[in-house]
Amino acid sequence: MKTWNIFGLAALLPGLLSASVATAQTAEQILAARDILAKVPAAELAGRAAQLVANAPPKEKAAVAAAVAQSVASLNPDVASAAVASIALKVPVAAPAAAAAAAGKLPGSAAAIAVAAASVAGVKASDVRTAVIAAVPAQAAQIASAMSRAKLTSSLHSTSRGFSASRSAAPAGPETTGGAL
């Protein structure tokens, strides 16, 4: 394949990657995405992957996200979580497909990939959890645990802020001033 600019490749990719989300990506679709992304420097891989998904037709975004995430996981496993998060940031509805595809390729990183996708605003964490566990059922406990810890951390921050605000707004009474009645 000759070198094409990103917009030419983005126009070509949806035609090559027209499978539905429910079906597995074919070897040809994965190879097409891999051919496109193989020439991209590692530092630009996550952004380029997200751009390919964003440029896909609406009905094909999830299928393109799955093929692109699987290709990134094959080409550069160290960038897989960042690519999934970048895809989730640009196209939140494609996050479950991207996370499941990358996790399926890198089962040992499934929990980190799921947390990366679910941590992006606008992404339904429950959809990501379901998709990633379906892709890597042997890692279900680790995925659920990692996602619970990620949610627990964010809820602790909001709880402590609420407590601090209401505590500081409370009027001073005898118990806080040390005075007697």
# chains A, B, ... in the order shown; residues from 1 in each chain; ligands from 1

$ residues_around --residues "Ser71 (chain A)" --least-positions-apart "2" --cutoff "7 Å" --atoms "only C-alpha atoms" --output "ChimeraX atom specification"
/A:30,33-34,67-69,73-75

$ residues_around --residues "Val136 (chain A)" --least-positions-apart "4" --cutoff "7 Å" --atoms "only C-alpha atoms" --output "PyMOL selection string"
chain A and resi 103-104+107+132+140

$ closest_residue --among "A:Val91, A:Ile133, A:Ile143, A:Ala85" --to "Ala111 (chain A)" --atoms "only C-alpha atoms"
A:Ile143

$ atom_distance --atom1 "CA of Val84 (chain A)" --atom2 "CA of Thr130 (chain A)"
15.7 Å

$ closest_residue --among "A:Ser148, A:Ser81, A:Asn55, A:Ser126" --to "Ser109 (chain A)" --atoms "only C-alpha atoms"
A:Ser81

$ select_by_dssp --residues "region 92-142 of chain A" --states "alpha helix (DSSP H)" --output "PyMOL selection string"
chain A and resi 95-105+110-118+125-135+140-142

$ write_last_selection --atoms "C-alpha atoms" --output "PDB file, in the first residue's frame"
ATOM      1  CA  ALA A  95     -15.326   3.008  23.560  1.00  0.00           C
ATOM      2  CA  PRO A  96     -16.758  -0.429  24.459  1.00  0.00           C
ATOM      3  CA  ALA A  97     -15.870  -1.853  21.036  1.00  0.00           C
ATOM      4  CA  ALA A  98     -12.370  -0.400  21.102  1.00  0.00           C
ATOM      5  CA  ALA A  99     -11.713  -1.544  24.672  1.00  0.00           C
ATOM      6  CA  ALA A 100     -13.014  -5.059  24.024  1.00  0.00           C
ATOM      7  CA  ALA A 101     -10.935  -5.451  20.864  1.00  0.00           C
ATOM      8  CA  ALA A 102      -7.721  -4.227  22.484  1.00  0.00           C
ATOM      9  CA  ALA A 103      -8.330  -6.302  25.621  1.00  0.00           C
ATOM     10  CA  GLY A 104      -8.981  -9.380  23.520  1.00  0.00           C
ATOM     11  CA  LYS A 105      -5.575  -8.921  21.921  1.00  0.00           C
ATOM     12  CA  ALA A 110      -7.619  -5.966  29.978  1.00  0.00           C
ATOM     13  CA  ALA A 111      -8.259  -4.283  33.338  1.00  0.00           C
ATOM     14  CA  ALA A 112      -6.061  -1.277  32.516  1.00  0.00           C
ATOM     15  CA  ILE A 113      -7.655  -0.934  29.082  1.00  0.00           C
ATOM     16  CA  ALA A 114     -11.165  -1.078  30.574  1.00  0.00           C
ATOM     17  CA  VAL A 115     -10.327   1.578  33.168  1.00  0.00           C
ATOM     18  CA  ALA A 116      -8.742   3.804  30.494  1.00  0.00           C
ATOM     19  CA  ALA A 117     -11.886   3.663  28.364  1.00  0.00           C
ATOM     20  CA  ALA A 118     -14.367   3.969  31.231  1.00  0.00           C
ATOM     21  CA  ALA A 125     -18.617   2.428  32.253  1.00  0.00           C
ATOM     22  CA  SER A 126     -21.116  -0.427  32.487  1.00  0.00           C
ATOM     23  CA  ASP A 127     -21.017  -0.888  28.704  1.00  0.00           C
ATOM     24  CA  VAL A 128     -17.216  -0.954  28.744  1.00  0.00           C
ATOM     25  CA  ARG A 129     -17.171  -3.468  31.625  1.00  0.00           C
ATOM     26  CA  THR A 130     -19.641  -5.749  29.854  1.00  0.00           C
ATOM     27  CA  ALA A 131     -17.794  -5.605  26.524  1.00  0.00           C
ATOM     28  CA  VAL A 132     -14.333  -6.183  27.983  1.00  0.00           C
ATOM     29  CA  ILE A 133     -15.478  -9.042  30.219  1.00  0.00           C
ATOM     30  CA  ALA A 134     -17.168 -10.640  27.195  1.00  0.00           C
ATOM     31  CA  ALA A 135     -13.901 -10.341  25.266  1.00  0.00           C
ATOM     32  CA  ALA A 140     -13.581 -10.878  34.696  1.00  0.00           C
ATOM     33  CA  ALA A 141     -12.630 -10.606  38.374  1.00  0.00           C
ATOM     34  CA  GLN A 142      -9.604  -8.397  37.666  1.00  0.00           C
TER      35      GLN A 142
END
